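Below is query-v4.tsv, which holds TSV, N, CA and C atoms and all ligand atoms.
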chain	number	residue	atom	x	y	z
A	1	MET	N	50.44	-88.92	-57.67
A	1	MET	CA	50.27	-87.51	-57.29
A	1	MET	C	50.03	-86.68	-58.54
A	2	THR	N	48.98	-85.89	-58.55
A	2	THR	CA	48.71	-85.04	-59.70
A	2	THR	C	49.44	-83.71	-59.54
A	3	GLN	N	49.94	-83.20	-60.63
A	3	GLN	CA	50.65	-81.92	-60.60
A	3	GLN	C	49.64	-80.79	-60.73
A	4	PRO	N	49.94	-79.62	-60.14
A	4	PRO	CA	49.07	-78.46	-60.35
A	4	PRO	C	49.08	-78.10	-61.83
A	5	SER	N	48.03	-77.45	-62.27
A	5	SER	CA	47.88	-77.18	-63.71
A	5	SER	C	48.96	-76.26	-64.24
A	6	HIS	N	49.62	-75.50	-63.35
A	6	HIS	CA	50.66	-74.58	-63.82
A	6	HIS	C	52.02	-75.26	-63.93
A	7	PHE	N	52.07	-76.54	-63.63
A	7	PHE	CA	53.34	-77.26	-63.70
A	7	PHE	C	53.97	-77.10	-65.08
A	8	GLY	N	55.24	-76.72	-65.09
A	8	GLY	CA	55.94	-76.55	-66.36
A	8	GLY	C	55.84	-75.15	-66.93
A	9	ALA	N	55.05	-74.28	-66.30
A	9	ALA	CA	54.88	-72.92	-66.82
A	9	ALA	C	56.19	-72.13	-66.68
A	10	THR	N	56.45	-71.28	-67.65
A	10	THR	CA	57.62	-70.42	-67.60
A	10	THR	C	57.46	-69.39	-66.49
A	11	VAL	N	58.53	-69.13	-65.74
A	11	VAL	CA	58.53	-68.13	-64.68
A	11	VAL	C	59.41	-66.96	-65.13
A	12	GLN	N	58.89	-65.74	-64.97
A	12	GLN	CA	59.66	-64.56	-65.35
A	12	GLN	C	60.85	-64.37	-64.42
A	13	GLY	N	61.89	-63.74	-64.95
A	13	GLY	CA	63.06	-63.46	-64.13
A	13	GLY	C	64.23	-64.35	-64.53
A	14	ARG	N	65.31	-64.18	-63.78
A	14	ARG	CA	66.54	-64.92	-64.09
A	14	ARG	C	66.92	-65.86	-62.95
A	15	CYS	N	67.53	-66.95	-63.32
A	15	CYS	CA	68.02	-67.90	-62.34
A	15	CYS	C	69.14	-67.24	-61.53
A	16	PRO	N	69.06	-67.26	-60.19
A	16	PRO	CA	70.11	-66.63	-59.37
A	16	PRO	C	71.46	-67.31	-59.55
A	17	ALA	N	71.47	-68.57	-59.96
A	17	ALA	CA	72.72	-69.31	-60.08
A	17	ALA	C	73.41	-69.07	-61.41
A	18	CYS	N	72.67	-69.19	-62.52
A	18	CYS	CA	73.31	-69.09	-63.84
A	18	CYS	C	72.94	-67.80	-64.57
A	19	GLY	N	71.95	-67.05	-64.06
A	19	GLY	CA	71.61	-65.77	-64.65
A	19	GLY	C	70.79	-65.84	-65.92
A	20	LYS	N	70.38	-67.05	-66.31
A	20	LYS	CA	69.60	-67.21	-67.54
A	20	LYS	C	68.11	-67.08	-67.26
A	21	THR	N	67.36	-66.73	-68.29
A	21	THR	CA	65.90	-66.64	-68.17
A	21	THR	C	65.32	-68.02	-68.46
A	22	SER	N	65.63	-68.93	-67.58
A	22	SER	CA	65.28	-70.34	-67.83
A	22	SER	C	64.49	-70.95	-66.68
A	23	LEU	N	63.78	-70.09	-65.94
A	23	LEU	CA	63.04	-70.60	-64.77
A	23	LEU	C	61.67	-71.12	-65.20
A	24	PHE	N	61.25	-72.18	-64.54
A	24	PHE	CA	59.91	-72.71	-64.77
A	24	PHE	C	59.36	-73.24	-63.46
A	25	LEU	N	58.05	-73.45	-63.47
A	25	LEU	CA	57.40	-73.96	-62.27
A	25	LEU	C	57.53	-75.48	-62.26
A	26	GLY	N	58.34	-75.97	-61.36
A	26	GLY	CA	58.64	-77.40	-61.34
A	26	GLY	C	57.75	-78.19	-60.43
A	27	GLU	N	58.17	-79.40	-60.19
A	27	GLU	CA	57.42	-80.34	-59.37
A	27	GLU	C	57.16	-79.76	-57.98
A	28	GLY	N	55.93	-79.87	-57.52
A	28	GLY	CA	55.57	-79.41	-56.20
A	28	GLY	C	55.41	-77.90	-56.10
A	29	GLY	N	55.46	-77.20	-57.26
A	29	GLY	CA	55.30	-75.75	-57.26
A	29	GLY	C	56.59	-75.01	-57.00
A	30	TYR	N	57.72	-75.70	-57.07
A	30	TYR	CA	59.01	-75.05	-56.82
A	30	TYR	C	59.56	-74.43	-58.10
A	31	VAL	N	60.04	-73.19	-57.99
A	31	VAL	CA	60.65	-72.51	-59.13
A	31	VAL	C	62.02	-73.14	-59.37
A	32	THR	N	62.22	-73.62	-60.58
A	32	THR	CA	63.41	-74.41	-60.90
A	32	THR	C	64.03	-73.90	-62.19
A	33	CYS	N	65.36	-74.03	-62.30
A	33	CYS	CA	66.05	-73.66	-63.53
A	33	CYS	C	66.02	-74.85	-64.48
A	34	ALA	N	65.73	-74.56	-65.74
A	34	ALA	CA	65.59	-75.63	-66.74
A	34	ALA	C	66.91	-76.03	-67.37
A	35	ARG	N	67.95	-75.23	-67.18
A	35	ARG	CA	69.21	-75.51	-67.88
A	35	ARG	C	69.93	-76.70	-67.26
A	36	LEU	N	70.34	-77.62	-68.13
A	36	LEU	CA	71.04	-78.82	-67.65
A	36	LEU	C	72.42	-78.46	-67.11
A	37	ASP	N	73.00	-77.36	-67.62
A	37	ASP	CA	74.35	-76.98	-67.17
A	37	ASP	C	74.32	-76.04	-65.97
A	38	CYS	N	73.11	-75.78	-65.42
A	38	CYS	CA	73.03	-74.91	-64.26
A	38	CYS	C	73.60	-75.63	-63.04
A	39	LEU	N	74.46	-74.91	-62.29
A	39	LEU	CA	75.11	-75.54	-61.14
A	39	LEU	C	74.19	-75.64	-59.92
A	40	HIS	N	73.08	-74.85	-59.94
A	40	HIS	CA	72.23	-74.81	-58.76
A	40	HIS	C	70.80	-74.51	-59.19
A	41	PRO	N	70.13	-75.47	-59.82
A	41	PRO	CA	68.80	-75.23	-60.40
A	41	PRO	C	67.74	-74.83	-59.38
A	42	GLU	N	67.92	-75.18	-58.12
A	42	GLU	CA	66.91	-74.87	-57.11
A	42	GLU	C	67.22	-73.56	-56.37
A	43	ALA	N	68.17	-72.78	-56.89
A	43	ALA	CA	68.57	-71.54	-56.21
A	43	ALA	C	67.40	-70.57	-56.04
A	44	ALA	N	66.56	-70.45	-57.06
A	44	ALA	CA	65.43	-69.51	-56.97
A	44	ALA	C	64.49	-69.90	-55.83
A	45	THR	N	64.20	-71.17	-55.75
A	45	THR	CA	63.32	-71.64	-54.67
A	45	THR	C	63.94	-71.37	-53.31
A	46	GLU	N	65.25	-71.59	-53.18
A	46	GLU	CA	65.91	-71.35	-51.90
A	46	GLU	C	65.84	-69.88	-51.51
A	47	LEU	N	65.95	-68.99	-52.52
A	47	LEU	CA	65.84	-67.56	-52.22
A	47	LEU	C	64.44	-67.22	-51.76
A	48	LEU	N	63.44	-67.81	-52.41
A	48	LEU	CA	62.06	-67.51	-52.03
A	48	LEU	C	61.76	-68.01	-50.63
A	49	GLU	N	62.34	-69.14	-50.28
A	49	GLU	CA	62.06	-69.72	-48.97
A	49	GLU	C	62.89	-69.07	-47.87
A	50	GLN	N	64.04	-68.54	-48.23
A	50	GLN	CA	64.96	-68.00	-47.22
A	50	GLN	C	65.62	-66.73	-47.77
A	51	PRO	N	65.00	-65.56	-47.53
A	51	PRO	CA	65.52	-64.31	-48.10
A	51	PRO	C	66.98	-64.04	-47.77
A	52	ASP	N	67.46	-64.51	-46.61
A	52	ASP	CA	68.86	-64.31	-46.26
A	52	ASP	C	69.79	-64.94	-47.28
A	53	ALA	N	69.27	-65.95	-47.99
A	53	ALA	CA	70.10	-66.65	-48.96
A	53	ALA	C	70.58	-65.70	-50.07
A	54	LEU	N	69.81	-64.65	-50.35
A	54	LEU	CA	70.22	-63.72	-51.39
A	54	LEU	C	71.54	-63.07	-51.02
A	55	ARG	N	71.64	-62.63	-49.76
A	55	ARG	CA	72.88	-62.01	-49.30
A	55	ARG	C	74.01	-63.04	-49.32
A	56	ILE	N	73.70	-64.25	-48.87
A	56	ILE	CA	74.72	-65.30	-48.83
A	56	ILE	C	75.19	-65.63	-50.24
A	57	THR	N	74.25	-65.74	-51.17
A	57	THR	CA	74.61	-66.06	-52.55
A	57	THR	C	75.50	-64.98	-53.12
A	58	SER	N	75.15	-63.71	-52.83
A	58	SER	CA	75.95	-62.60	-53.31
A	58	SER	C	77.36	-62.65	-52.72
A	59	THR	N	77.44	-62.94	-51.43
A	59	THR	CA	78.74	-63.04	-50.78
A	59	THR	C	79.55	-64.18	-51.37
A	60	LEU	N	78.90	-65.31	-51.61
A	60	LEU	CA	79.60	-66.46	-52.19
A	60	LEU	C	80.12	-66.12	-53.58
A	61	ALA	N	79.33	-65.38	-54.35
A	61	ALA	CA	79.77	-65.00	-55.69
A	61	ALA	C	81.01	-64.11	-55.60
A	62	GLN	N	81.01	-63.18	-54.64
A	62	GLN	CA	82.17	-62.31	-54.46
A	62	GLN	C	83.39	-63.11	-54.03
A	63	LEU	N	83.17	-64.05	-53.11
A	63	LEU	CA	84.28	-64.89	-52.64
A	63	LEU	C	84.83	-65.74	-53.77
A	64	THR	N	83.94	-66.27	-54.60
A	64	THR	CA	84.38	-67.09	-55.73
A	64	THR	C	85.26	-66.27	-56.66
A	65	GLY	N	84.85	-65.02	-56.90
A	65	GLY	CA	85.65	-64.15	-57.74
A	65	GLY	C	87.00	-63.85	-57.11
A	66	ALA	N	86.99	-63.61	-55.80
A	66	ALA	CA	88.24	-63.30	-55.10
A	66	ALA	C	89.19	-64.50	-55.14
A	67	VAL	N	88.65	-65.69	-54.94
A	67	VAL	CA	89.47	-66.90	-54.97
A	67	VAL	C	90.07	-67.08	-56.36
A	68	ALA	N	89.29	-66.83	-57.39
A	68	ALA	CA	89.80	-66.96	-58.76
A	68	ALA	C	90.96	-65.99	-58.97
A	69	GLY	N	90.83	-64.77	-58.43
A	69	GLY	CA	91.90	-63.79	-58.57
A	69	GLY	C	93.16	-64.23	-57.85
A	70	VAL	N	93.00	-64.73	-56.63
A	70	VAL	CA	94.14	-65.20	-55.84
A	70	VAL	C	94.80	-66.38	-56.53
A	71	THR	N	93.99	-67.29	-57.04
A	71	THR	CA	94.52	-68.47	-57.73
A	71	THR	C	95.34	-68.05	-58.95
A	72	ALA	N	94.83	-67.08	-59.69
A	72	ALA	CA	95.56	-66.61	-60.87
A	72	ALA	C	96.89	-65.99	-60.47
A	73	ARG	N	96.89	-65.20	-59.38
A	73	ARG	CA	98.14	-64.58	-58.93
A	73	ARG	C	99.12	-65.64	-58.42
A	74	LEU	N	98.59	-66.65	-57.72
A	74	LEU	CA	99.45	-67.74	-57.25
A	74	LEU	C	100.08	-68.47	-58.43
A	75	ASP	N	99.30	-68.71	-59.47
A	75	ASP	CA	99.83	-69.37	-60.66
A	75	ASP	C	100.97	-68.55	-61.26
A	76	GLU	N	100.75	-67.23	-61.35
A	76	GLU	CA	101.79	-66.36	-61.88
A	76	GLU	C	103.05	-66.45	-61.02
A	77	HIS	N	102.85	-66.43	-59.72
A	77	HIS	CA	103.98	-66.48	-58.79
A	77	HIS	C	104.75	-67.80	-58.95
A	78	VAL	N	104.01	-68.91	-58.98
A	78	VAL	CA	104.64	-70.22	-59.12
A	78	VAL	C	105.42	-70.29	-60.43
A	79	ASN	N	104.82	-69.78	-61.50
A	79	ASN	CA	105.51	-69.80	-62.79
A	79	ASN	C	106.76	-68.93	-62.77
A	80	ALA	N	106.68	-67.78	-62.08
A	80	ALA	CA	107.83	-66.90	-61.98
A	80	ALA	C	108.96	-67.59	-61.21
A	81	VAL	N	108.60	-68.29	-60.12
A	81	VAL	CA	109.60	-69.01	-59.33
A	81	VAL	C	110.23	-70.12	-60.18
A	82	LYS	N	109.39	-70.84	-60.93
A	82	LYS	CA	109.91	-71.91	-61.79
A	82	LYS	C	110.89	-71.36	-62.81
A	83	ARG	N	110.53	-70.21	-63.42
A	83	ARG	CA	111.42	-69.60	-64.41
A	83	ARG	C	112.74	-69.19	-63.76
A	84	ALA	N	112.64	-68.61	-62.55
A	84	ALA	CA	113.83	-68.15	-61.85
A	84	ALA	C	114.73	-69.34	-61.53
A	85	VAL	N	114.13	-70.42	-61.05
A	85	VAL	CA	114.91	-71.62	-60.71
A	85	VAL	C	115.57	-72.17	-61.97
A	86	ALA	N	114.83	-72.23	-63.06
A	86	ALA	CA	115.35	-72.79	-64.31
A	86	ALA	C	116.49	-71.91	-64.82
A	87	THR	N	116.34	-70.58	-64.70
A	87	THR	CA	117.36	-69.66	-65.20
A	87	THR	C	118.63	-69.75	-64.38
A	88	ARG	N	118.47	-69.79	-63.07
A	88	ARG	CA	119.65	-69.80	-62.18
A	88	ARG	C	120.26	-71.18	-62.03
A	89	GLY	N	119.46	-72.21	-62.31
A	89	GLY	CA	119.95	-73.56	-62.13
A	89	GLY	C	120.34	-73.81	-60.69
A	90	VAL	N	119.43	-73.58	-59.79
A	90	VAL	CA	119.71	-73.71	-58.36
A	90	VAL	C	120.30	-75.09	-58.06
A	91	GLY	N	121.44	-75.10	-57.34
A	91	GLY	CA	122.18	-76.32	-57.14
A	91	GLY	C	121.48	-77.34	-56.27
A	92	ASP	N	120.76	-76.85	-55.25
A	92	ASP	CA	120.17	-77.81	-54.33
A	92	ASP	C	118.76	-78.22	-54.75
A	93	ALA	N	118.33	-77.79	-55.96
A	93	ALA	CA	117.01	-78.22	-56.44
A	93	ALA	C	117.09	-79.69	-56.86
A	94	ARG	N	116.00	-80.42	-56.64
A	94	ARG	CA	116.02	-81.83	-56.98
A	94	ARG	C	115.97	-82.05	-58.48
B	101	ZN	ZN	70.15	-71.74	-63.58
Rewrite the structure of this file - the entire thing - as structure tokens.
Amino acid sequence: MTQPSHFGATVQGRCPACGKTSLFLGEGGYVTCARLDCLHPEAATELLEQPDALRITSTLAQLTGAVAGVTARLDEHVNAVKRAVATRGVGDAR
């Protein structure tokens, strides 16, 4: 299979997944992220093919942030409980 002549060309804009200016025209004419550490190199193509994905991606990013916040608060809570248990020396603790 021969590639179109624009294969490998740099694409303007930022990768929706990693935010870097690392997009290029990949195999089959799909816009792809060139970064090896990108978690979702085909995100740009998915957005182009399915505009609803932009809203979904945005929602997922917000949810990811919210989960990180909850996780951090849970860690604080668990550590506070551990400190309290250690300080009081709860008798029925294993
Ligand atoms: Zn990327």
Per residue of chain A within 5 Å of ligand ZN 101 (chain B), what are the shortest atom pair and its distance in Å to one decimal, counting all atoms listed in the file, with rows by chain and residue number, as a Markdown table?
| residue | atom | partner | partner_atom | distance |
| --- | --- | --- | --- | --- |
| A:Cys15 | CA | B:ZN101 | ZN | 4.6 |
| A:Ala17 | C | B:ZN101 | ZN | 4.7 |
| A:Cys18 | N | B:ZN101 | ZN | 3.7 |
| A:Cys33 | CA | B:ZN101 | ZN | 4.5 |
| A:Cys38 | CA | B:ZN101 | ZN | 4.3 |
| A:Pro41 | CA | B:ZN101 | ZN | 4.9 |
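Separating atom C of Ala68 of chain A from atom CA of Leu54 of chain A is a distance of 22.2 Å.
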### Message
Between atom CA of Pro16 of chain A and atom N of His40 of chain A, what distance in Å does the model show, to one decimal?
### Response
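Between these atoms lies a distance of 8.8 Å.
The space separating atom C of Val70 of chain A from atom CA of Lys82 of chain A comes to 16.9 Å.
Assigned to strand (DSSP E or B) in chain A, given DSSP computed from backbone atoms, are Thr10, Leu23, Phe24, Leu25, Val31, Thr32 and Cys33 of chain A.
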### Task
Taking the DSSP assignment computed from this structure's backbone, write out as a ChimeraX atom specification all residues of segment 38-94 of chain A that belong to alpha helix (DSSP H).
/A:43-49,52-88
### Message
Ranking A:Leu23, A:Phe7, A:Leu60, A:Arg73 by minimum distance to Leu36 of chain A and counting only C-alpha atoms, which one comes first?
### Response
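Ranking A:Leu23, A:Phe7, A:Leu60, A:Arg73 by distance to Leu36 of chain A, first place goes to A:Leu23.
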I'd like the contact shell of His6 of chain A - 9 Å cut-off, only C-alpha atoms, skipping same-chain residues fewer than 6 positions apart - returned as a PDB file with N, CA and C atoms, keeping the file's coordinate frame.
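Output contents, as saved in out37.pdb:
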ATOM      1  N   LEU A  25      58.050 -73.450 -63.470  1.00  0.00           N
ATOM      2  CA  LEU A  25      57.400 -73.960 -62.270  1.00  0.00           C
ATOM      3  C   LEU A  25      57.530 -75.480 -62.260  1.00  0.00           C
ATOM      4  N   GLY A  26      58.340 -75.970 -61.360  1.00  0.00           N
ATOM      5  CA  GLY A  26      58.640 -77.400 -61.340  1.00  0.00           C
ATOM      6  C   GLY A  26      57.750 -78.190 -60.430  1.00  0.00           C
ATOM      7  N   GLY A  29      55.460 -77.200 -57.260  1.00  0.00           N
ATOM      8  CA  GLY A  29      55.300 -75.750 -57.260  1.00  0.00           C
ATOM      9  C   GLY A  29      56.590 -75.010 -57.000  1.00  0.00           C
TER      10      GLY A  29
END
### Query
Of the residues A:Thr71, A:Thr10, A:Gln62, A:Gln50, which is the one nearest to Thr32 of chain A, using only C-alpha atoms?
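Result for the nearest residue to Thr32 of chain A: A:Thr10.
Nearest residue to Phe24 of chain A, choosing from A:Gly8, A:Leu63, A:Ile56, A:Ala44 and counting all atoms listed in the file: A:Gly8.
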Determine, counting all atoms listed in the file, which protein, DNA and RNA residues have an atom within 6 Å of an atom of Thr45 of chain A; residues of the same chain fewer than 3 positions away are not included. Present the result as a short mmCIF file (atom, residue, chain, number, x, y, z; two decimals) with N, CA and C atoms, in the frame of the given file.
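Listed below is the output, selection10.cif:
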data_model
loop_
_atom_site.label_atom_id
_atom_site.label_comp_id
_atom_site.auth_asym_id
_atom_site.auth_seq_id
_atom_site.Cartn_x
_atom_site.Cartn_y
_atom_site.Cartn_z
N TYR A 30 57.72 -75.70 -57.07
CA TYR A 30 59.01 -75.05 -56.82
C TYR A 30 59.56 -74.43 -58.10
N VAL A 31 60.04 -73.19 -57.99
CA VAL A 31 60.65 -72.51 -59.13
C VAL A 31 62.02 -73.14 -59.37
N THR A 32 62.22 -73.62 -60.58
CA THR A 32 63.41 -74.41 -60.90
C THR A 32 64.03 -73.90 -62.19
N GLU A 42 67.92 -75.18 -58.12
CA GLU A 42 66.91 -74.87 -57.11
C GLU A 42 67.22 -73.56 -56.37
N LEU A 48 63.44 -67.81 -52.41
CA LEU A 48 62.06 -67.51 -52.03
C LEU A 48 61.76 -68.01 -50.63
N GLU A 49 62.34 -69.14 -50.28
CA GLU A 49 62.06 -69.72 -48.97
C GLU A 49 62.89 -69.07 -47.87
N GLN A 50 64.04 -68.54 -48.23
CA GLN A 50 64.96 -68.00 -47.22
C GLN A 50 65.62 -66.73 -47.77
#
Quick one: segment 7-69 of chain A with C-alpha atoms, as an mmCIF file, in the first residue's frame?
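The new file selection24.cif reads:
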data_model
loop_
_atom_site.group_PDB
_atom_site.id
_atom_site.type_symbol
_atom_site.label_atom_id
_atom_site.label_comp_id
_atom_site.auth_asym_id
_atom_site.auth_seq_id
_atom_site.Cartn_x
_atom_site.Cartn_y
_atom_site.Cartn_z
ATOM 1 C CA PHE A 7 2.217 11.171 5.084
ATOM 2 C CA GLY A 8 4.347 12.314 8.005
ATOM 3 C CA ALA A 9 3.523 16.000 7.514
ATOM 4 C CA THR A 10 3.254 18.130 10.644
ATOM 5 C CA VAL A 11 -0.322 19.087 11.582
ATOM 6 C CA GLN A 12 -1.009 22.424 13.260
ATOM 7 C CA GLY A 13 -2.672 22.457 16.657
ATOM 8 C CA ARG A 14 -2.334 20.515 19.873
ATOM 9 C CA CYS A 15 -2.967 16.910 20.745
ATOM 10 C CA PRO A 16 -6.270 16.711 22.696
ATOM 11 C CA ALA A 17 -4.763 14.046 24.956
ATOM 12 C CA CYS A 18 -1.348 15.449 25.927
ATOM 13 C CA GLY A 19 -1.706 19.084 24.801
ATOM 14 C CA LYS A 20 1.585 19.086 22.895
ATOM 15 C CA THR A 21 2.115 20.444 19.393
ATOM 16 C CA SER A 22 3.139 17.008 18.220
ATOM 17 C CA LEU A 23 0.466 16.089 15.689
ATOM 18 C CA PHE A 24 1.343 14.653 12.309
ATOM 19 C CA LEU A 25 -0.453 13.051 9.414
ATOM 20 C CA GLY A 26 -0.142 9.353 10.067
ATOM 21 C CA GLU A 27 -0.885 6.157 8.260
ATOM 22 C CA GLY A 28 -4.107 6.232 6.259
ATOM 23 C CA GLY A 29 -4.404 10.017 6.614
ATOM 24 C CA TYR A 30 -5.214 9.900 10.323
ATOM 25 C CA VAL A 31 -4.023 12.770 12.518
ATOM 26 C CA THR A 32 -1.812 11.167 15.142
ATOM 27 C CA CYS A 33 0.272 12.330 18.102
ATOM 28 C CA ALA A 34 3.986 11.697 17.673
ATOM 29 C CA ARG A 35 4.870 11.601 21.368
ATOM 30 C CA LEU A 36 5.761 8.160 22.683
ATOM 31 C CA ASP A 37 4.527 9.141 26.157
ATOM 32 C CA CYS A 38 1.119 10.271 24.869
ATOM 33 C CA LEU A 39 -1.644 8.264 26.536
ATOM 34 C CA HIS A 40 -4.018 8.595 23.571
ATOM 35 C CA PRO A 41 -2.195 9.340 20.293
ATOM 36 C CA GLU A 42 -5.323 8.859 18.159
ATOM 37 C CA ALA A 43 -7.414 11.342 20.187
ATOM 38 C CA ALA A 44 -7.304 14.002 17.449
ATOM 39 C CA THR A 45 -8.605 11.587 14.850
ATOM 40 C CA GLU A 46 -11.403 10.474 17.178
ATOM 41 C CA LEU A 47 -12.447 14.094 17.676
ATOM 42 C CA LEU A 48 -12.488 14.706 13.933
ATOM 43 C CA GLU A 49 -14.562 11.607 13.332
ATOM 44 C CA GLN A 50 -16.920 12.113 16.263
ATOM 45 C CA PRO A 51 -17.433 15.732 17.419
ATOM 46 C CA ASP A 52 -19.289 14.545 20.541
ATOM 47 C CA ALA A 53 -15.985 13.108 21.686
ATOM 48 C CA LEU A 54 -14.763 16.635 22.453
ATOM 49 C CA ARG A 55 -17.428 17.047 25.119
ATOM 50 C CA ILE A 56 -16.771 13.539 26.416
ATOM 51 C CA THR A 57 -13.022 14.142 26.554
ATOM 52 C CA SER A 58 -13.597 17.380 28.439
ATOM 53 C CA THR A 59 -15.913 15.630 30.882
ATOM 54 C CA LEU A 60 -13.415 12.819 31.385
ATOM 55 C CA ALA A 61 -10.676 15.347 32.098
ATOM 56 C CA GLN A 62 -12.872 17.011 34.724
ATOM 57 C CA LEU A 63 -13.734 13.651 36.260
ATOM 58 C CA THR A 64 -10.072 12.660 36.339
ATOM 59 C CA GLY A 65 -9.292 15.866 38.207
ATOM 60 C CA ALA A 66 -12.163 15.307 40.620
ATOM 61 C CA VAL A 67 -11.049 11.732 41.308
ATOM 62 C CA ALA A 68 -7.510 12.929 41.988
ATOM 63 C CA GLY A 69 -8.895 15.441 44.491
#
